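Reproduced below: query03.pdb, with PDB, C-alpha atoms.
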```pdb
ATOM      1  CA  MET A1108      13.387 -11.653 -16.372
ATOM      2  CA  ALA A1109      13.000  -9.842 -13.061
ATOM      3  CA  ASP A1110      13.890 -11.776  -9.959
ATOM      4  CA  VAL A1111      10.734 -11.347  -7.867
ATOM      5  CA  ALA A1112      12.335 -13.480  -5.179
ATOM      6  CA  SER A1113      14.857 -10.712  -4.574
ATOM      7  CA  PRO A1114      14.372  -8.947  -1.254
ATOM      8  CA  VAL A1115      11.493  -6.480  -1.368
ATOM      9  CA  ARG A1116      11.570  -4.202   1.656
ATOM     10  CA  SER A1117       8.180  -4.644   3.221
ATOM     11  CA  PRO A1118       6.216  -1.595   4.419
ATOM     12  CA  TYR A1119       5.411  -3.666   7.522
ATOM     13  CA  LYS A1120       9.163  -3.966   8.204
ATOM     14  CA  ALA A1121       9.591  -0.199   7.880
ATOM     15  CA  SER A1122       6.920   0.296  10.537
ATOM     16  CA  ILE A1123       8.671  -2.120  12.885
ATOM     17  CA  ASP A1124      11.959  -0.299  12.278
ATOM     18  CA  ASP A1125      10.252   2.997  13.248
ATOM     19  CA  GLN A1126       9.311   1.349  16.591
ATOM     20  CA  ASP A1127       5.873   2.870  16.292
ATOM     21  CA  HIS A1128       3.805  -0.025  17.568
ATOM     22  CA  GLU A1129       3.333   1.567  20.992
ATOM     23  CA  ALA A1130       0.781   4.013  19.523
ATOM     24  CA  GLY A1131      -1.626   1.177  18.775
ATOM     25  CA  TYR A1132      -3.995   0.348  15.959
ATOM     26  CA  ILE A1133      -7.688   0.593  15.354
ATOM     27  CA  LYS A1134      -9.142  -2.692  14.141
ATOM     28  CA  THR A1135     -12.301  -2.660  12.017
ATOM     29  CA  ALA A1136     -14.954  -5.369  11.776
ATOM     30  CA  THR A1137     -13.406  -6.549   8.491
ATOM     31  CA  HIS A1138      -9.956  -6.944  10.119
ATOM     32  CA  ASN A1139      -8.384  -3.809   8.726
ATOM     33  CA  TYR A1140      -5.792  -2.123  10.936
ATOM     34  CA  VAL A1141      -5.230   1.634  10.937
ATOM     35  CA  SER A1142      -2.430   3.159  12.996
ATOM     36  CA  ARG A1143      -3.567   5.745  15.511
ATOM     37  CA  ARG A1144      -0.701   7.842  14.145
ATOM     38  CA  ALA A1145      -2.027   7.723  10.564
ATOM     39  CA  ASP A1146      -3.929  10.708   9.174
ATOM     40  CA  VAL A1147      -7.065   9.532   7.368
ATOM     41  CA  ASP A1148      -8.894  12.615   6.100
ATOM     42  CA  GLY A1149     -12.498  12.058   5.016
ATOM     43  CA  ALA A1150     -12.502   8.571   6.577
ATOM     44  CA  ARG A1151     -16.056   7.838   5.453
ATOM     45  CA  HIS A1152     -14.817   8.068   1.846
ATOM     46  CA  VAL A1153     -12.034   5.520   2.404
ATOM     47  CA  GLU A1154     -13.288   2.004   1.720
ATOM     48  CA  MET A1155     -11.115  -0.906   2.811
ATOM     49  CA  LYS A1156     -12.346  -4.356   1.676
ATOM     50  CA  GLY A1157     -10.696  -6.243   4.526
ATOM     51  CA  LYS A1158      -7.397  -7.345   6.019
ATOM     52  CA  SER A1159      -5.588  -4.214   4.857
ATOM     53  CA  VAL A1160      -3.286  -1.960   6.854
ATOM     54  CA  ILE A1161      -2.520   1.768   7.024
ATOM     55  CA  LEU A1162       0.732   2.210   8.926
ATOM     56  CA  SER A1163       2.004   5.053  11.105
ATOM     57  CA  HIS A1164       2.264   8.600   9.766
ATOM     58  CA  ALA A1165       0.588   7.623   6.476
ATOM     59  CA  THR A1166      -1.787  10.230   5.028
ATOM     60  CA  VAL A1167      -4.862   9.051   3.154
ATOM     61  CA  ARG A1168      -6.880  11.859   1.532
ATOM     62  CA  GLY A1169     -10.450  10.616   1.330
ATOM     63  CA  ASP A1170     -11.535  14.260   1.651
ATOM     64  CA  ILE A1171     -10.554  14.856  -2.004
ATOM     65  CA  ALA A1172     -12.437  11.878  -3.495
ATOM     66  CA  LYS A1173     -13.351   8.276  -2.654
ATOM     67  CA  ILE A1174     -10.466   5.839  -2.172
ATOM     68  CA  ARG A1175     -11.079   2.096  -2.462
ATOM     69  CA  MET A1176      -8.528  -0.419  -1.171
ATOM     70  CA  GLY A1177      -8.706  -4.137  -1.899
ATOM     71  CA  ARG A1178      -7.900  -6.962   0.485
ATOM     72  CA  TYR A1179      -4.438  -7.575   1.991
ATOM     73  CA  SER A1180      -3.090  -4.203   0.881
ATOM     74  CA  CYS A1181      -0.735  -2.002   2.868
ATOM     75  CA  ILE A1182       0.088   1.714   2.860
ATOM     76  CA  GLY A1183       3.540   2.254   4.331
ATOM     77  CA  PRO A1184       4.669   4.773   6.934
ATOM     78  CA  HIS A1185       5.116   8.424   5.947
ATOM     79  CA  THR A1186       3.347   7.777   2.624
ATOM     80  CA  THR A1187       0.641  10.001   1.131
ATOM     81  CA  VAL A1188      -2.157   8.496  -0.936
ATOM     82  CA  GLN A1189      -4.466  11.014  -2.559
ATOM     83  CA  PRO A1190      -6.796  11.051  -5.557
ATOM     84  CA  SER A1191      -5.677  13.102  -8.572
ATOM     85  CA  ALA A1192      -8.530  15.603  -8.371
ATOM     86  CA  GLN A1193     -11.816  16.391  -6.702
ATOM     87  CA  ASN A1194     -14.502  13.782  -7.466
ATOM     88  CA  GLN A1195     -12.073  11.463  -9.292
ATOM     89  CA  PRO A1196     -12.054   8.261  -7.230
ATOM     90  CA  MET A1197      -8.887   6.263  -6.702
ATOM     91  CA  SER A1198      -8.607   2.497  -6.468
ATOM     92  CA  ILE A1199      -5.869   0.346  -4.995
ATOM     93  CA  GLY A1200      -6.151  -3.345  -5.799
ATOM     94  CA  SER A1201      -5.809  -6.345  -3.524
ATOM     95  CA  TYR A1202      -2.388  -7.650  -2.443
ATOM     96  CA  THR A1203      -0.759  -4.299  -3.179
ATOM     97  CA  ARG A1204       2.011  -2.921  -0.989
ATOM     98  CA  ILE A1205       3.108   0.719  -1.003
ATOM     99  CA  GLY A1206       6.445   1.457   0.663
ATOM    100  CA  SER A1207       7.449   4.289   2.963
ATOM    101  CA  HIS A1208       7.975   7.986   2.178
ATOM    102  CA  SER A1209       6.104   7.761  -1.132
ATOM    103  CA  VAL A1210       3.437   9.948  -2.759
ATOM    104  CA  VAL A1211       0.750   8.221  -4.814
ATOM    105  CA  GLU A1212      -1.726  10.309  -6.837
ATOM    106  CA  ALA A1213      -2.627   7.599  -9.347
ATOM    107  CA  ALA A1214      -6.146   7.105 -10.642
ATOM    108  CA  SER A1215      -5.728   3.347 -10.276
ATOM    109  CA  VAL A1216      -3.174   0.947  -8.835
ATOM    110  CA  GLY A1217      -3.843  -2.668  -9.792
ATOM    111  CA  SER A1218      -3.713  -5.853  -7.744
ATOM    112  CA  SER A1219      -0.449  -7.568  -6.776
ATOM    113  CA  VAL A1220       1.595  -4.387  -7.169
ATOM    114  CA  VAL A1221       4.669  -3.417  -5.153
ATOM    115  CA  ILE A1222       5.526   0.291  -4.973
ATOM    116  CA  GLY A1223       8.908   0.878  -3.366
ATOM    117  CA  ASN A1224      10.122   3.524  -0.939
ATOM    118  CA  HIS A1225      10.574   7.201  -1.879
ATOM    119  CA  VAL A1226       8.446   6.798  -5.031
ATOM    120  CA  LYS A1227       6.415   9.604  -6.636
ATOM    121  CA  ILE A1228       3.416   8.500  -8.688
ATOM    122  CA  GLY A1229       1.965  11.477 -10.573
ATOM    123  CA  PRO A1230      -1.702  12.377 -11.077
ATOM    124  CA  ARG A1231      -3.961  10.207 -13.234
ATOM    125  CA  VAL A1232      -1.414   7.389 -13.570
ATOM    126  CA  LEU A1233      -2.798   3.905 -14.291
ATOM    127  CA  ILE A1234      -0.733   1.029 -12.913
ATOM    128  CA  LYS A1235      -1.989  -2.352 -14.099
ATOM    129  CA  ASP A1236      -1.742  -5.652 -12.179
ATOM    130  CA  CYS A1237       1.472  -7.435 -11.169
ATOM    131  CA  CYS A1238       3.876  -4.509 -11.458
ATOM    132  CA  HIS A1239       6.884  -3.570  -9.371
ATOM    133  CA  ILE A1240       7.866   0.104  -9.072
ATOM    134  CA  LEU A1241      11.444   0.322  -7.785
ATOM    135  CA  ASP A1242      12.614   2.592  -4.944
ATOM    136  CA  GLY A1243      13.139   6.234  -5.911
ATOM    137  CA  THR A1244      11.122   6.036  -9.131
ATOM    138  CA  VAL A1245       9.233   9.100 -10.412
ATOM    139  CA  VAL A1246       6.243   8.234 -12.614
ATOM    140  CA  PRO A1247       5.066  11.292 -14.628
ATOM    141  CA  PRO A1248       1.365  12.271 -14.794
ATOM    142  CA  ASP A1249      -0.943  10.388 -17.189
ATOM    143  CA  THR A1250       1.415   7.409 -17.561
ATOM    144  CA  VAL A1251      -0.080   3.961 -18.175
ATOM    145  CA  ILE A1252       2.059   1.100 -16.873
ATOM    146  CA  PRO A1253       1.128  -2.239 -18.505
ATOM    147  CA  PRO A1254       0.719  -5.447 -16.479
ATOM    148  CA  PHE A1255       3.796  -7.411 -15.399
ATOM    149  CA  SER A1256       6.191  -4.456 -15.689
ATOM    150  CA  LEU A1257       9.303  -3.748 -13.643
ATOM    151  CA  VAL A1258       9.581   0.046 -13.612
ATOM    152  CA  GLY A1259      12.343   2.343 -12.385
ATOM    153  CA  GLY A1260      14.124   5.622 -12.994
ATOM    154  CA  THR A1261      13.465   9.341 -13.073
ATOM    155  CA  PRO A1262      11.413   9.709 -15.184
ATOM    156  CA  SER A1263      10.184   6.146 -15.050
ATOM    157  CA  LYS A1264      10.671   3.588 -17.788
ATOM    158  CA  ILE A1265       9.911  -0.095 -18.129
ATOM    159  CA  ILE A1266      13.086  -2.002 -17.347
ATOM    160  CA  GLN A1267      11.801  -5.477 -18.132
ATOM    161  CA  ASP A1268       8.797  -7.768 -17.905
ATOM    162  CA  MET A1269       7.961  -9.531 -14.663
ATOM    163  CA  PRO A1270       7.536 -13.324 -14.771
ATOM    164  CA  GLU A1271       4.007 -14.739 -14.777
ATOM    165  CA  SER A1272       4.650 -16.195 -11.312
ATOM    166  CA  THR A1273       4.590 -12.626  -9.945
ATOM    167  CA  ALA A1274       0.816 -12.853  -9.437
ATOM    168  CA  VAL A1275       1.096 -15.882  -7.160
ATOM    169  CA  ILE A1276       4.249 -14.750  -5.353
ATOM    170  CA  TYR A1277       2.903 -11.271  -4.490
ATOM    171  CA  VAL A1278      -0.388 -12.722  -3.223
ATOM    172  CA  GLU A1279       1.466 -15.175  -0.957
ATOM    173  CA  GLU A1280       3.858 -12.490   0.313
ATOM    174  CA  SER A1281       1.005 -10.060   1.073
ATOM    175  CA  VAL A1282      -0.975 -12.651   3.037
ATOM    176  CA  GLN A1283       2.132 -13.785   4.949
ATOM    177  CA  GLU A1284       3.183 -10.220   5.825
ATOM    178  CA  TYR A1285      -0.353  -9.360   7.006
ATOM    179  CA  THR A1286      -0.513 -12.536   9.131
ATOM    180  CA  THR A1287       2.875 -11.815  10.714
ATOM    181  CA  PHE A1288       1.905  -8.179  11.349
ATOM    182  CA  VAL A1289      -1.343  -9.181  13.078
ATOM    183  CA  HIS A1290       0.455 -11.798  15.156
ATOM    184  CA  ASN A1291       3.051  -9.240  16.283
ATOM    185  CA  ILE A1292       0.562  -6.555  17.308
ATOM    186  CA  THR A1293      -1.854  -8.960  19.022
ATOM    187  CA  THR A1294       1.022 -10.587  20.909
ATOM    188  CA  ASN A1295       2.030  -7.150  22.185
ATOM    189  CA  ASN A1296      -1.601  -6.138  22.923
ATOM    190  CA  GLN A1297      -1.511  -3.115  20.616
ATOM    191  CA  ILE A1298      -5.098  -3.167  19.383
ATOM    192  CA  SER A1299      -6.873  -0.443  21.248
ATOM    193  CA  SER A1300     -10.394  -0.673  19.880
ATOM    194  CA  THR A1301     -12.680  -2.181  17.301
ATOM    195  CA  ILE A1302     -14.882  -0.056  15.081
ATOM    196  CA  SER A1303     -17.271  -0.714  12.205
ATOM    197  CA  PRO A1304     -15.827  -0.569   8.677
TER
END
```
Can you turn what I pasted into structure tokens?
Amino acid sequence: MADVASPVRSPYKASIDDQDHEAGYIKTATHNYVSRRADVDGARHVEMKGKSVILSHATVRGDIAKIRMGRYSCIGPHTTVQPSAQNQPMSIGSYTRIGSHSVVEAASVGSSVVIGNHVKIGPRVLIKDCCHILDGTVVPPDTVIPPFSLVGGTPSKIIQDMPESTAVIYVEESVQEYTTFVHNITTNNQISSTISP
């Protein structure tokens, strides 16, 4: 069984390490935070359900097709999230964390998923709920990753099954990391404006 209690490098931690908080964040009415240093193309086609974060230097390509993000999700710094093709929407589930320096072109990323740093997710990939994609993994196009999978390698392969407790643990970690992030930026007065979702 995978040890989900093992240290998972949080995308929030990567942002703190980059010392990028001085740029500030835009806060929406649904308590989403978007770094002023993030590049959100086609912003009106990016739907964030609430309490999600897009960190510094992330690129989100809503100009290609609609992107839907669930609650308590995070896109890490220097990461690109883009739909596979024109008019093919992309969904990212709730409680999902995407690390830094990654490229995600999946059609769907489930809820309670952790995608590590320096990961390449190819076009039209389907990642089901409660998966962990290890750092440096390359997932080829059109791959379907079943629920509760620990995935790694180049090209990717399923290493082992994740324990059923993954669902609860990843939800708790996502909420805690979001709460800590908000506390840190509000303590340092880094919210520069509030806009509608």
For the file shown, what are the residues hit by the PyMOL selection byres ((chain A and resi 1277) around 9), laid out as a list in words? Val1111, Tyr1202, Thr1203, Ser1219, Val1220, Val1221, Cys1237, Ser1272, Thr1273, Ala1274, Val1275, Ile1276, Val1278, Glu1279, Glu1280, Ser1281 and Val1282 of chain A
Show me the residues around (8.1, 6.9, 8.3) - criterion: an atom at most 6 Å away, all atoms listed in the file counted - as number ranges by chain. A: 1184-1185, 1207
Taking the file above as input, evaluate the PyMOL selection byres ((chain A and resi 1150) around 10) and report the hits as a PyMOL selection string. chain A and resi 1146-1149+1151-1154+1167-1170+1173-1174+1304
Picked residues, the PyMOL selection byres ((chain A and resi 1143) around 9), expected as a list of chain:residue names: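 When the PyMOL selection byres ((chain A and resi 1143) around 9) is applied, the selected residues are A:Ala1130, A:Gly1131, A:Tyr1132, A:Ile1133, A:Val1141, A:Ser1142, A:Arg1144, A:Ala1145, A:Asp1146, A:Leu1162, A:Ser1163, A:His1164.
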Pick from A:Ser1201, A:Thr1261, A:Ser1209, A:Thr1294: nearest to Lys1235 in chain A, with only C-alpha atoms counted?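 Under the stated criterion, the closest residue is A:Ser1201.
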May I ask which of the residues A:Ser1180, A:Thr1250, A:Ser1256, A:Gln1189 is the closest one to Cys1238 in chain A, counting all atoms listed in the file?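 With all atoms listed in the file as the atom set, the closest residue is A:Ser1256.
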In Å, how far is it from CA of Phe1255 in chain A to CA of Glu1271 in chain A? 7.4 Å
What does the structure give for the distance between CA of Ser1218 in chain A and CA of Gln1193 in chain A, in Å to one decimal? 23.7 Å
Would you work out the distance separating CA of Val1246 in chain A from CA of Lys1156 in chain A, expressed in Å to one decimal?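 Spanning CA of Val1246 in chain A to CA of Lys1156 in chain A is a straight-line distance of 26.6 Å.
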Looking at A:Lys1134, A:Thr1187, A:Ile1228, A:Leu1257, which one is nearest to Thr1293 in chain A, with distances taken over all atoms listed in the file?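 Once distances to Thr1293 in chain A are computed over all atoms listed in the file, the minimum belongs to A:Lys1134.
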Proximity to Pro1254 in chain A - best of A:Val1216, A:Ala1172, A:Leu1241, A:Val1226, all atoms listed in the file: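 Closest to Pro1254 in chain A, using all atoms listed in the file: A:Val1216.
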Once you count only C-alpha atoms, which residues end up no further than 12 Å from (-11.7, 8.3, -11.5) in the file's frame, shown as a PDB file with C-alpha atoms, keeping the file's coordinate frame?
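Output file out-v8.pdb follows:
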```
ATOM      1  CA  ILE A1171     -10.554  14.856  -2.004  1.00  0.00           C
ATOM      2  CA  ALA A1172     -12.437  11.878  -3.495  1.00  0.00           C
ATOM      3  CA  LYS A1173     -13.351   8.276  -2.654  1.00  0.00           C
ATOM      4  CA  ILE A1174     -10.466   5.839  -2.172  1.00  0.00           C
ATOM      5  CA  ARG A1175     -11.079   2.096  -2.462  1.00  0.00           C
ATOM      6  CA  GLN A1189      -4.466  11.014  -2.559  1.00  0.00           C
ATOM      7  CA  PRO A1190      -6.796  11.051  -5.557  1.00  0.00           C
ATOM      8  CA  SER A1191      -5.677  13.102  -8.572  1.00  0.00           C
ATOM      9  CA  ALA A1192      -8.530  15.603  -8.371  1.00  0.00           C
ATOM     10  CA  GLN A1193     -11.816  16.391  -6.702  1.00  0.00           C
ATOM     11  CA  ASN A1194     -14.502  13.782  -7.466  1.00  0.00           C
ATOM     12  CA  GLN A1195     -12.073  11.463  -9.292  1.00  0.00           C
ATOM     13  CA  PRO A1196     -12.054   8.261  -7.230  1.00  0.00           C
ATOM     14  CA  MET A1197      -8.887   6.263  -6.702  1.00  0.00           C
ATOM     15  CA  SER A1198      -8.607   2.497  -6.468  1.00  0.00           C
ATOM     16  CA  ILE A1199      -5.869   0.346  -4.995  1.00  0.00           C
ATOM     17  CA  GLU A1212      -1.726  10.309  -6.837  1.00  0.00           C
ATOM     18  CA  ALA A1213      -2.627   7.599  -9.347  1.00  0.00           C
ATOM     19  CA  ALA A1214      -6.146   7.105 -10.642  1.00  0.00           C
ATOM     20  CA  SER A1215      -5.728   3.347 -10.276  1.00  0.00           C
ATOM     21  CA  VAL A1216      -3.174   0.947  -8.835  1.00  0.00           C
ATOM     22  CA  PRO A1230      -1.702  12.377 -11.077  1.00  0.00           C
ATOM     23  CA  ARG A1231      -3.961  10.207 -13.234  1.00  0.00           C
ATOM     24  CA  VAL A1232      -1.414   7.389 -13.570  1.00  0.00           C
ATOM     25  CA  LEU A1233      -2.798   3.905 -14.291  1.00  0.00           C
TER      26      LEU A1233
END
```
I'd like to know which of A:Pro1118, A:Gly1206, A:Gly1200, A:Pro1253 is closest to Ile1222 in chain A, using all atoms listed in the file.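 Of A:Pro1118, A:Gly1206, A:Gly1200, A:Pro1253, the one nearest Ile1222 in chain A, counting all atoms listed in the file, is A:Gly1206.
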For Ile1182 in chain A, please output as a PyMOL selection string all residues within 7 Å (counting only C-alpha atoms; exclusion window: fewer than 5 positions along the same chain). chain A and resi 1160-1162+1165+1204-1206
